[in-house]
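A.B. asks: Dumping the structure here so I can ask a few things about it.
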Amino acid sequence: MKKDNGYKISLFLLGFVTMPVQIILLREFMVVFGGNELIIGILLADWLILTATGAFLAGRFSKSTKECPSHPPHPPVIPLDNPTNLNLNLNLNFFPILPLLTFILLYLLRPVIFPPGAMVSLPAIWLLTALLLLPFCLLSGWLFTRLAGHLSSLKRENFTGRAYALESVGSILGGALFSFVLVFFFDGYWSLVIIALTTWLVLMIMNLLNNGWKKAILALSLMILTVASSVWFSLPRSVQQELFPGQTLVFAKDSPYGKVVVTKNDGQVNLFYNGIPVYHSDQQMQDEESVHYALLQRQNPEQVLAISGGLKGITEQILKYPSIRHVDYVEIDPWLVRSEMTYLGSVEGDKVQVSFMDARRFLSTVTTYYDMILVNLPEPLSAQVNRCYTYEFFLKAREHLHPGGVLCTALPATTNYIGGASMTANATLFKTLQQVFPNVLIIPGGKNFFLASDSLLTGAIGRIAELRGISNDYVNQYYMDDASIVSRGAYILEQLNTTSPVNRDDRPVSYLSQLQYWMSYFNLNLTWILLGIAGLFLLFFIMLNPIRLGLFTAGFVTAGAEYILILAIQVFFGYAYFLMGIIFVLFMTGLALGAMFGKSIFAGDKHLLNWLVFGTGVFTLMMSALIRVPGLAGAGSLLVAAVFSLLVLCLAFLMGTVFSHGSVLYRGRYEKVSGDAYSADLIGSAFGLMILSMVLVPLLGLRLSCLVMSLVAFVAAARLSLDKNKL
Amino acid sequence: MPKKINKREFLKSCFLGAGAATLGLDAMESWASGLLKSDPAGPADDKLWKWSREAVFYAPTARGIKCTLCPNMCNLREGETSICRTRVVNGGKLHTIAYGNPCSVHVDPIEKKPLYHFLPGSRSYSIATAGCNFACRYCQNWEISQVSPKDTRNDDLMPQKVVEEAITGKCTTIAYTYSEPVIFYEYMYDTARIARSKGVKNLMISNGFINEKPLQMLCQHIDAANIDLKAFTDDIYSRLCGGSLNPVQNTLKILKSEQVWFEITCLIVPGWNDDMQHIALMCDWLLANGLESYPLHFSRFHPMYKLVRLPATPLTTLEKARNIALIKGMKYVYIGNVPGSGYENTVCHYCKKTLIERKGFTIISNHISGSACKFCKTKIPGVWG
Ligand code: SF4
């Protein structure tokens with residue numbers, strides 16, 4: 001086997017392992033710590049920064065490869081069978097085992113470090129995540145630099161761009177293998193095992209072809225050891241059980257959308273979704289509140305749409321009304337409903353129809369009109385959930401309501417006082433609903449229930465419950481103190497700021513206010529965190545040398561633009577698992593193509609980097625215009641899909657080209673070149689994701705965020721032009 | 001013989017091992033959370049304002065001033081704010097900044113407190129200022145309990161005005177509730193004194209974490225209390241709420257000796273204080289101290305505040321706790337937060353007939369006449385009107 005092929009396959013394997021591991025581990029971290037936009041941002045940033053550090057350090061501290069041709073060769077090329085390469089091989093062998101250890105440690109450490117069932121504060125999540133991801137991410141960055149450096153040495157030319165392309169191809173295959181195949185058959189842990197086994201198998205064959213039978217035996221031993229110990233210790237269930245002290249884990253399933261867990265304690269069945277308890281047996285109180293505050297408002301409700309909330313509990317309450325003819329129950333994750341039906345019981349009769357779909361997608365596909373739309377989703381702590389709290393969503397919902405129909409949605413309760421952060425969150429929702437419905441009423445209960453309608457609404461719940469003769473345990477004349485409901489509802493209204501912004505698809509302000517509310521649990525100030533991130537970004541932007549700045553900026557703009565594109569796609573199409581998968585494949589393909597061929601297309605001009613960075617700015621400028629193209633939302637979905645796919649592909653191609661072009665401009669040892677280029681790109685991406693998701697999008701909206709990104713790209717391009725001589 | 005461990009425990013100890021313990025990982029969260037903290041009880045809080053009064057209980061120490069109101073015994077210097085965020089040192093004296101400035105004012109049915117054996121069916125004018133001497137992980141009022149009065153929007157409601165408002169609102173009682181009344185002691189004390197002189201009764205809904213002397217003084221003006229018994233070990237008390245058990249036990253004994261009517265609430269949190277052996281020990285202690293006639297409310301936990309990754313308490317757990325309490329000899333044991341369970345009715349401890357049928361906060365029927373069971377004439381402990 002040719003020596004350079006060994007390195008190429010290794011780079012491919014690096015991507016093949018890293019991408020699915022990133023998807024799987026980040027999912028598991030979200031299950032263990034929660035999945036709001038801040039936590040997702042912190043997890044991704046930890047990941048990218050640690051990988052960048054590994055790549056950077058490998059470039060600085062390894063002296064095994066030669067200098068780029070423009071500099072005197074020093075030190076000499078090291079033959080491939082020297083000890084350094086043996087280390088590289090060993091590291092590759094141990095590389096896939098790290099995610100498995102991280103997985104196990106994550107579940108074992110959580111209950112040891114943090115109290116049972118308690119929320120964990122952001123700094124603690126950040127620290128523990130960094131600690132747990134450290135070995136894998138550092139090694140993955142380190143391996144990229146070393147492999148790319150060795151390959152460049154061997155080829156006697158700067159191979160960093162193509163190394164990047166090879167890694168991207170590995171990422172496409174690894175990512176696609178997990179997202180389109182493994183996720184449907186295996187849980188996260190066993191998917192990691194399969195990825196590891198595949199890697200070891202390839203390494204084993206490679207070593208056998210090179211007569212490295214000792215290393216082949218090592219790979220085989222690792223395969224046997226991993227499978228045997230996983231089976232022997234009943235992984236992952238035995239460690240997942242640790243998250244549920246005092247309960248018995250009876251079922252766990254990783255679906256493409258999330259993790260469903262069913263536990264039992266003292267005869268009660270509890271259903272968890274991504275680590276949060278969502279339903280349990282004996283929860284009449286919550287079910288009654290979610291249904292009757294709205295349904296009692298009208299004489300004879302017939303058609304009801306219930307978005308999530310628990311199939312059995314919610315529909316049983318709805319079906320108490322004899323006038324009901326049809327109930328649509330919408331849940332994105334089929335496994336949530338399946339587990340509920342198995343462990344909590346199913347629904348009788350043929351009045352209920354269940355659809356497994358994103359709520360927004362559902363509303364844009366059906367033609368039914370409803371008397372009631374009940375939205376039982378968690379509070380908008382992420383951009384994805386926030387889509388069901390926006391002006392556009394409510395507008396769509398209203399289109400599907402009969403005259404006099406009622407929409408019900410909710411936020412966490414503000415029991416006896418409404419604090420600053422919750423006031424903003426409640427005010428935004430109230431204001432948003434008010435833009436669509438002439439009547440909005442708040443019923444303070446187990447949550448703050450927001451009822452909205454084009455007809456009058458009443459807070460005299462106890463009285464109408466008695467009048468309608470619906471027999472409830474909780475929502476009845478005995479528990480509902482109408483005077484208190486009205487006065488407490490009025491109290492909340494009095495406190496709400498009437499100048500609050502409206503939560504829109506392209507300016508999702510609600511999730512920022514919800515995040516601020518969440519942060520106030522820990523007495524932490526979101527503003528300081530955001531300012532800190534912005535300050536660090538500026539520091540990087542000012543201090544980096546021109547080439548690094550180019551890569552950093554391109555990484556920043558690309559990651560940010562990708563975030564916006566995904567958000568926009570979800571707004572246009574609703575969340576669809578396969579669509580997201582295709583977007584991912586397209587992105588990585590664009591990246592690989594750009595890294596592979598971009599350099600030859602734009603060859604010749606050594607000052608092209610500034611133009612390429614400028615190009616990313618122009619691209620985001622176009623994006624901002626496109627997002628507002630009138631009528632795009634109404635255009636044929638195929639056309640919109642094609643437009644977005646093209647955008648994703650172009651963006652990634654541009655980034656790949658910037659990377660390969662930028663890396664060519666570097667001087668110094670090959671490994672330093674690869675390490676510097678790779679780390680600058682990753683750090684830029686980390687900032688792009690954090691700043692866009694936590695600051696720009698919620699504060700400025702999609703369009704203005706694009707404009708800010710363009711501005712950043714233009715400023716960087718201008719700096720590159722001024723510093724031309726240093727390139 | 002060495003203890004046998006299962007595969008899971010083996011795996012756990014292999015991974016965590018002694019290393020984790022020596023690393024002191026459990027200190028990680030508090031350390032990490034210390035970063036970026038924007039504690040509202042910052043320097044601005046030590047300034048006096050219209051709603052400040054000199055505290056009643058404090059003593060000078062070599063370090064500064066020690067508050068002797070609750071067992072936290074904060075030792076403060078000028079510029080520092082107490083654990084409860086309501087006490088500051090100014091001019092060498094301790095001051096409260098929670099006097100006449102409630103942030104929460106509502107009228108509630110008395111059953112909501114819960115008080116089942118005290119003027120059933122009456123309405124209570126309920127007030128709270130910001131601040132608390134505990135930090136319960138499941139606090140439903142965390143937006144007021146974990147901040148300083150300087151960070152909440154407050155009413156200007158001096159004691160005299162509170163009493164007037166209660167009378168205007170036809171409330172027979174004033175409840176000092178929601179956050180923790182101990183930390184607005186001076187405000188509660190003065191209000192209670194005036195209220196009593198006007199025929200309005202006073203209720204303290206508290207964690208019972210108060211020192212002996214202030215409690216005894218307060219008992220002269222308080223008519224009833226509901227005391228949370230949050231766990232029955234110091235360790236759980238400290239990890240769940242940041243308090244300790246012994247002072248709360250003392251409070252119950254003092255209330256009894258001062259003849260203040262009280263009821264006990266025990267919120268059962270899965271995985272924390274749902275060990276039935278602890279429940280049994282708690283009941284043993286209550287009986288040993290002659291507290292069997294005081295109602296005990298086992299309450300259902302719902303995921304709240306920082307404890308959102310736990311399920312609600314199973315009804316069976318609550319029933320088990322109730323059965324243990326009854327078997328041990330407690331006379332009145334209720335289950336709260338479970339509508340329709342039927343465990344909210346008052347049943348005569350002697351003839352077992354239902355005396356008060358409750359549905360939610362509504363009294364459906366009441367068979368207590370002259371403080372006694374209408375059927376068997378047994379005296380029913382409580383204050384009935
Ligand atoms: S009342 Fe407040 S200041 Fe006084 S000891 Fe308790 S916590 Fe400290």
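Ordered as shown in the structure tokens, chains take letters A, B, and onward, while each chain numbers its residues from 1 and ligands are numbered from 1 in the order shown.
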With chain B as the partner and 7 Å as the cut-off, tabulate the residues of chain A that qualify, each row holding the nearest pair of atoms and their distance in Å to one decimal, using only C-alpha atoms, sorted by chain and rising number, as a Markdown table.

C.D. replies:
```
| residue | atom | partner | partner_atom | distance |
| --- | --- | --- | --- | --- |
| A:Leu105 | CA | B:Phe15 | CA | 6.8 |
| A:Leu108 | CA | B:Lys12 | CA | 6.4 |
| A:Ile113 | CA | B:Asp26 | CA | 4.6 |
| A:Phe114 | CA | B:Asp26 | CA | 6.9 |
| A:Gly117 | CA | B:Arg309 | CA | 4.4 |
| A:Ala118 | CA | B:Leu307 | CA | 4.4 |
| A:Met119 | CA | B:Lys306 | CA | 5.0 |
| A:Ser121 | CA | B:Ser33 | CA | 6.3 |
| A:Pro123 | CA | B:Ala32 | CA | 5.2 |
| A:Ala124 | CA | B:Ala32 | CA | 5.0 |
| A:Phe233 | CA | B:Lys7 | CA | 5.9 |
| A:Ser238 | CA | B:Arg8 | CA | 5.8 |
| A:Pro245 | CA | B:Gly271 | CA | 6.0 |
| A:Gly246 | CA | B:Gly271 | CA | 5.2 |
| A:Asp266 | CA | B:Thr316 | CA | 6.0 |
| A:Gly267 | CA | B:Thr316 | CA | 6.9 |
| A:Gln268 | CA | B:Pro314 | CA | 5.5 |
| A:Asn270 | CA | B:Pro311 | CA | 6.5 |
| A:Gly275 | CA | B:Arg309 | CA | 6.6 |
| A:Ile276 | CA | B:Arg309 | CA | 5.1 |
| A:Pro277 | CA | B:Pro311 | CA | 5.8 |
| A:Thr415 | CA | B:Asn141 | CA | 6.7 |
| A:Asn416 | CA | B:Ser104 | CA | 6.1 |
| A:Tyr417 | CA | B:Ser104 | CA | 5.8 |
| A:Gly419 | CA | B:Glu143 | CA | 5.7 |
| A:Asp473 | CA | B:Gly340 | CA | 5.1 |
| A:Tyr474 | CA | B:Pro339 | CA | 5.6 |
| A:Tyr478 | CA | B:Gly360 | CA | 5.3 |
| A:Tyr479 | CA | B:Gly360 | CA | 4.5 |
| A:Asn523 | CA | B:Ser38 | CA | 5.5 |
| A:Leu524 | CA | B:Lys37 | CA | 4.9 |
| A:Asn525 | CA | B:Ser38 | CA | 5.6 |
```

A.B. asks: What parts of stretch 164-262 of chain B does DSSP call helix (DSSP H, G or I)? I'd like the answer as a ChimeraX atom specification.

C.D. replies: /B:164-168,181-197,212-218,234-241,245-257

A.B. asks: What are the closest atom pairs, with distances in Å to one decimal, for all residues of chain B lying within 6 Å of ligand 1? Consider only C-alpha atoms and all ligand atoms, order rows by chain and residue number, and present the result as a Markdown table.

C.D. replies:
```
| residue | atom | partner | partner_atom_place_in_ligand_line | distance |
| --- | --- | --- | --- | --- |
| B:Cys67 | CA | ligand 1 | 4 (Fe) | 4.5 |
| B:Thr68 | CA | ligand 1 | 5 (S) | 5.6 |
| B:Leu69 | CA | ligand 1 | 4 (Fe) | 4.8 |
| B:Cys70 | CA | ligand 1 | 6 (Fe) | 4.0 |
| B:Pro71 | CA | ligand 1 | 5 (S) | 5.9 |
| B:Asn72 | CA | ligand 1 | 5 (S) | 4.3 |
| B:Met73 | CA | ligand 1 | 5 (S) | 3.8 |
| B:Cys74 | CA | ligand 1 | 8 (Fe) | 4.1 |
| B:Ser82 | CA | ligand 1 | 3 (S) | 4.6 |
| B:Ile83 | CA | ligand 1 | 7 (S) | 4.5 |
| B:Cys84 | CA | ligand 1 | 7 (S) | 4.3 |
| B:Arg87 | CA | ligand 1 | 3 (S) | 5.1 |
| B:Asn133 | CA | ligand 1 | 7 (S) | 4.4 |
| B:Ile183 | CA | ligand 1 | 1 (S) | 4.9 |
```

A.B. asks: Step one, run DSSP on the backbone; step two, keep only residues of stretch 241-488 of chain A assigned to strand (DSSP E); then write them as an NGL selection string.

C.D. replies: :A and (248-254 or 259-265 or 268-273 or 276-280 or 303-307 or 326-331 or 352-356 or 370-375 or 401-412 or 439-444 or 447-453)

A.B. asks: Excluding B:His117 and residues on its chain fewer than 4 positions from it, collect all residues at most 9 Å away from it, counting only C-alpha atoms, and give them as a PyMOL selection string.

C.D. replies: chain B and resi 261-263+294-295+346+380-384

A.B. asks: What's the 10 Å shell around B:Arg322, counting only C-alpha atoms, without same-chain residues fewer than 6 positions away, as a list in words?

C.D. replies: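 Everything that qualifies: Ile279, Leu296, His297, Phe298, Thr316, Lys328, Met330, Tyr332, Val333, Tyr334, Ile335 and Tyr343 of chain B.
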
A.B. asks: Excluding B:Ser238 and its own-chain neighbours fewer than 3 positions away, which residues fall within 12 Å of it when counting only C-alpha atoms? Please give them as number ranges by chain.

C.D. replies: A: 115; B: 72, 134-137, 230-235, 241-246, 272

A.B. asks: Let me see the file: selected residues, all heavy atoms, as a short mmCIF file (atom, residue, chain, number, x, y, z; two decimals), in the first residue's frame.

C.D. replies:
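Printed below is out.cif as written:
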```cif
data_model
loop_
_atom_site.label_atom_id
_atom_site.label_comp_id
_atom_site.auth_asym_id
_atom_site.auth_seq_id
_atom_site.Cartn_x
_atom_site.Cartn_y
_atom_site.Cartn_z
N PRO A 115 -26.47 17.60 42.30
CA PRO A 115 -27.54 16.98 43.07
C PRO A 115 -28.58 16.33 42.16
O PRO A 115 -28.79 16.80 41.03
CB PRO A 115 -28.17 18.14 43.83
CG PRO A 115 -27.30 19.31 43.61
CD PRO A 115 -26.42 19.05 42.46
N ASN B 72 -28.82 31.10 61.12
CA ASN B 72 -27.69 31.40 60.23
C ASN B 72 -26.67 32.28 60.94
O ASN B 72 -25.48 32.25 60.62
CB ASN B 72 -28.17 32.11 58.96
CG ASN B 72 -28.75 31.14 57.95
OD1 ASN B 72 -28.42 29.96 57.98
ND2 ASN B 72 -29.61 31.63 57.08
N PHE B 134 -33.32 30.61 53.57
CA PHE B 134 -33.04 29.31 52.94
C PHE B 134 -32.79 29.53 51.44
O PHE B 134 -33.02 30.62 50.93
CB PHE B 134 -34.24 28.38 53.09
CG PHE B 134 -34.25 27.57 54.38
CD1 PHE B 134 -33.38 27.87 55.42
CD2 PHE B 134 -35.14 26.52 54.54
CE1 PHE B 134 -33.40 27.14 56.61
CE2 PHE B 134 -35.16 25.77 55.71
CZ PHE B 134 -34.30 26.09 56.75
N ALA B 135 -32.40 28.45 50.76
CA ALA B 135 -32.25 28.52 49.30
C ALA B 135 -32.76 27.21 48.72
O ALA B 135 -32.00 26.47 48.09
CB ALA B 135 -30.81 28.76 48.93
N CYS B 136 -34.04 26.91 48.96
CA CYS B 136 -34.58 25.61 48.54
C CYS B 136 -34.50 25.47 47.02
O CYS B 136 -34.86 26.39 46.28
CB CYS B 136 -36.02 25.47 48.98
SG CYS B 136 -36.20 25.70 50.74
N ARG B 137 -34.08 24.29 46.61
CA ARG B 137 -33.90 24.07 45.17
C ARG B 137 -35.22 24.01 44.42
O ARG B 137 -35.24 24.04 43.20
CB ARG B 137 -33.15 22.75 44.95
CG ARG B 137 -31.72 22.78 45.42
CD ARG B 137 -31.05 21.46 45.14
NE ARG B 137 -29.74 21.38 45.77
CZ ARG B 137 -28.61 21.81 45.22
NH1 ARG B 137 -28.63 22.33 44.03
NH2 ARG B 137 -27.47 21.70 45.87
N LYS B 230 -38.84 20.06 56.16
CA LYS B 230 -38.42 19.75 54.80
C LYS B 230 -37.72 18.41 54.65
O LYS B 230 -37.60 17.88 53.55
CB LYS B 230 -37.54 20.87 54.26
CG LYS B 230 -38.36 22.16 54.11
CD LYS B 230 -37.54 23.33 53.67
CE LYS B 230 -38.32 24.62 53.74
NZ LYS B 230 -39.11 24.92 52.56
N ALA B 231 -37.21 17.88 55.73
CA ALA B 231 -36.54 16.57 55.70
C ALA B 231 -36.33 16.16 57.14
O ALA B 231 -36.65 16.94 58.06
CB ALA B 231 -35.20 16.68 54.98
N PHE B 232 -35.82 14.96 57.32
CA PHE B 232 -35.57 14.59 58.71
C PHE B 232 -34.11 14.21 58.96
O PHE B 232 -33.79 13.45 59.86
CB PHE B 232 -36.54 13.50 59.18
CG PHE B 232 -36.81 13.61 60.65
CD1 PHE B 232 -37.54 14.69 61.14
CD2 PHE B 232 -36.32 12.68 61.56
CE1 PHE B 232 -37.77 14.83 62.51
CE2 PHE B 232 -36.55 12.81 62.92
CZ PHE B 232 -37.28 13.89 63.39
N THR B 233 -33.22 14.73 58.11
CA THR B 233 -31.79 14.61 58.42
C THR B 233 -31.15 15.96 58.10
O THR B 233 -31.62 16.69 57.23
CB THR B 233 -31.07 13.54 57.56
OG1 THR B 233 -30.97 14.03 56.23
CG2 THR B 233 -31.77 12.20 57.57
N ASP B 234 -30.11 16.25 58.84
CA ASP B 234 -29.41 17.52 58.62
C ASP B 234 -28.81 17.58 57.24
O ASP B 234 -28.78 18.63 56.59
CB ASP B 234 -28.28 17.68 59.66
CG ASP B 234 -28.74 18.57 60.79
OD1 ASP B 234 -29.73 19.31 60.60
OD2 ASP B 234 -28.13 18.51 61.87
N ASP B 235 -28.31 16.42 56.78
CA ASP B 235 -27.64 16.38 55.49
C ASP B 235 -28.59 16.79 54.36
O ASP B 235 -28.28 17.64 53.53
CB ASP B 235 -27.10 14.95 55.26
CG ASP B 235 -26.52 14.81 53.87
OD1 ASP B 235 -25.67 15.66 53.52
OD2 ASP B 235 -26.92 13.88 53.13
N CYS B 241 -31.98 22.63 51.01
CA CYS B 241 -32.47 23.98 51.31
C CYS B 241 -31.41 24.91 51.89
O CYS B 241 -31.64 26.11 51.99
CB CYS B 241 -33.58 23.90 52.34
SG CYS B 241 -34.89 22.81 51.86
N GLY B 242 -30.28 24.36 52.29
CA GLY B 242 -29.27 25.20 52.92
C GLY B 242 -29.60 25.51 54.37
O GLY B 242 -29.19 26.56 54.89
N GLY B 243 -30.34 24.63 55.03
CA GLY B 243 -30.67 24.85 56.44
C GLY B 243 -30.29 23.66 57.28
O GLY B 243 -29.47 22.84 56.87
N SER B 244 -30.88 23.56 58.47
CA SER B 244 -30.63 22.38 59.31
C SER B 244 -31.89 22.05 60.09
O SER B 244 -32.78 22.88 60.26
CB SER B 244 -29.45 22.62 60.24
OG SER B 244 -29.70 23.75 61.02
N LEU B 245 -31.95 20.82 60.56
CA LEU B 245 -33.19 20.28 61.15
C LEU B 245 -33.46 20.78 62.57
O LEU B 245 -34.59 21.15 62.90
CB LEU B 245 -33.10 18.74 61.12
CG LEU B 245 -34.20 17.98 61.84
CD1 LEU B 245 -35.55 18.23 61.19
CD2 LEU B 245 -33.91 16.47 61.83
N ASN B 246 -32.42 20.78 63.38
CA ASN B 246 -32.64 21.03 64.80
C ASN B 246 -33.40 22.33 65.12
O ASN B 246 -34.34 22.31 65.92
CB ASN B 246 -31.28 20.98 65.52
CG ASN B 246 -31.49 20.81 66.99
OD1 ASN B 246 -31.37 21.77 67.73
ND2 ASN B 246 -31.86 19.60 67.40
N TRP B 272 -35.08 12.54 47.27
CA TRP B 272 -34.48 13.40 48.29
C TRP B 272 -34.96 13.02 49.68
O TRP B 272 -34.16 12.61 50.51
CB TRP B 272 -34.82 14.88 48.02
CG TRP B 272 -34.02 15.49 46.92
CD1 TRP B 272 -34.33 15.51 45.59
CD2 TRP B 272 -32.76 16.18 47.04
NE1 TRP B 272 -33.35 16.17 44.89
CE2 TRP B 272 -32.38 16.60 45.75
CE3 TRP B 272 -31.92 16.50 48.12
CZ2 TRP B 272 -31.20 17.31 45.51
CZ3 TRP B 272 -30.76 17.21 47.87
CH2 TRP B 272 -30.40 17.60 46.59
#
```

A.B. asks: Quick one: residues within 9 Å of B:Ile227, only C-alpha atoms, excluding same-chain residues fewer than 3 positions away - as a list in words?

C.D. replies: Met204, Ile205, Ser206, Asn207, Gly208, Val248, Thr251, Leu252, Phe262, Glu263, Ile264, Thr265 and Cys266 of chain B

A.B. asks: Using only N, CA and C atoms, please write the residues we just selected to a file, as a JSON list (two decimals), in the first residue's frame.

C.D. replies:
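This is the output file selection29.json:
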```json
[["chain", "number", "residue", "atom", "x", "y", "z"],
["B", 204, "MET", "N", -48.40, 32.75, 60.46],
["B", 204, "MET", "CA", -47.02, 32.75, 59.96],
["B", 204, "MET", "C", -46.79, 31.45, 59.18],
["B", 205, "ILE", "N", -46.53, 31.58, 57.90],
["B", 205, "ILE", "CA", -46.30, 30.40, 57.06],
["B", 205, "ILE", "C", -44.80, 30.37, 56.81],
["B", 206, "SER", "N", -44.10, 29.46, 57.49],
["B", 206, "SER", "CA", -42.65, 29.64, 57.62],
["B", 206, "SER", "C", -41.87, 28.33, 57.52],
["B", 207, "ASN", "N", -40.56, 28.48, 57.33],
["B", 207, "ASN", "CA", -39.69, 27.30, 57.38],
["B", 207, "ASN", "C", -39.28, 27.00, 58.82],
["B", 208, "GLY", "N", -39.69, 27.85, 59.74],
["B", 208, "GLY", "CA", -39.42, 27.58, 61.16],
["B", 208, "GLY", "C", -37.96, 27.75, 61.55],
["B", 248, "VAL", "N", -35.60, 23.80, 63.46],
["B", 248, "VAL", "CA", -37.01, 23.67, 63.07],
["B", 248, "VAL", "C", -37.75, 22.83, 64.12],
["B", 251, "THR", "N", -38.49, 25.02, 66.95],
["B", 251, "THR", "CA", -39.62, 25.91, 66.67],
["B", 251, "THR", "C", -40.95, 25.21, 66.98],
["B", 252, "LEU", "N", -41.04, 23.95, 66.55],
["B", 252, "LEU", "CA", -42.30, 23.22, 66.78],
["B", 252, "LEU", "C", -42.56, 23.08, 68.28],
["B", 262, "PHE", "N", -50.55, 25.26, 65.27],
["B", 262, "PHE", "CA", -49.74, 25.12, 64.05],
["B", 262, "PHE", "C", -50.02, 23.81, 63.34],
["B", 263, "GLU", "N", -49.69, 23.80, 62.05],
["B", 263, "GLU", "CA", -49.78, 22.59, 61.25],
["B", 263, "GLU", "C", -48.43, 22.41, 60.56],
["B", 264, "ILE", "N", -48.14, 21.17, 60.20],
["B", 264, "ILE", "CA", -46.81, 20.89, 59.64],
["B", 264, "ILE", "C", -46.97, 20.46, 58.18],
["B", 265, "THR", "N", -46.12, 21.00, 57.33],
["B", 265, "THR", "CA", -46.14, 20.57, 55.93],
["B", 265, "THR", "C", -44.84, 19.88, 55.58],
["B", 266, "CYS", "N", -44.99, 18.75, 54.93],
["B", 266, "CYS", "CA", -43.81, 18.00, 54.52],
["B", 266, "CYS", "C", -43.94, 17.73, 53.02]]
```
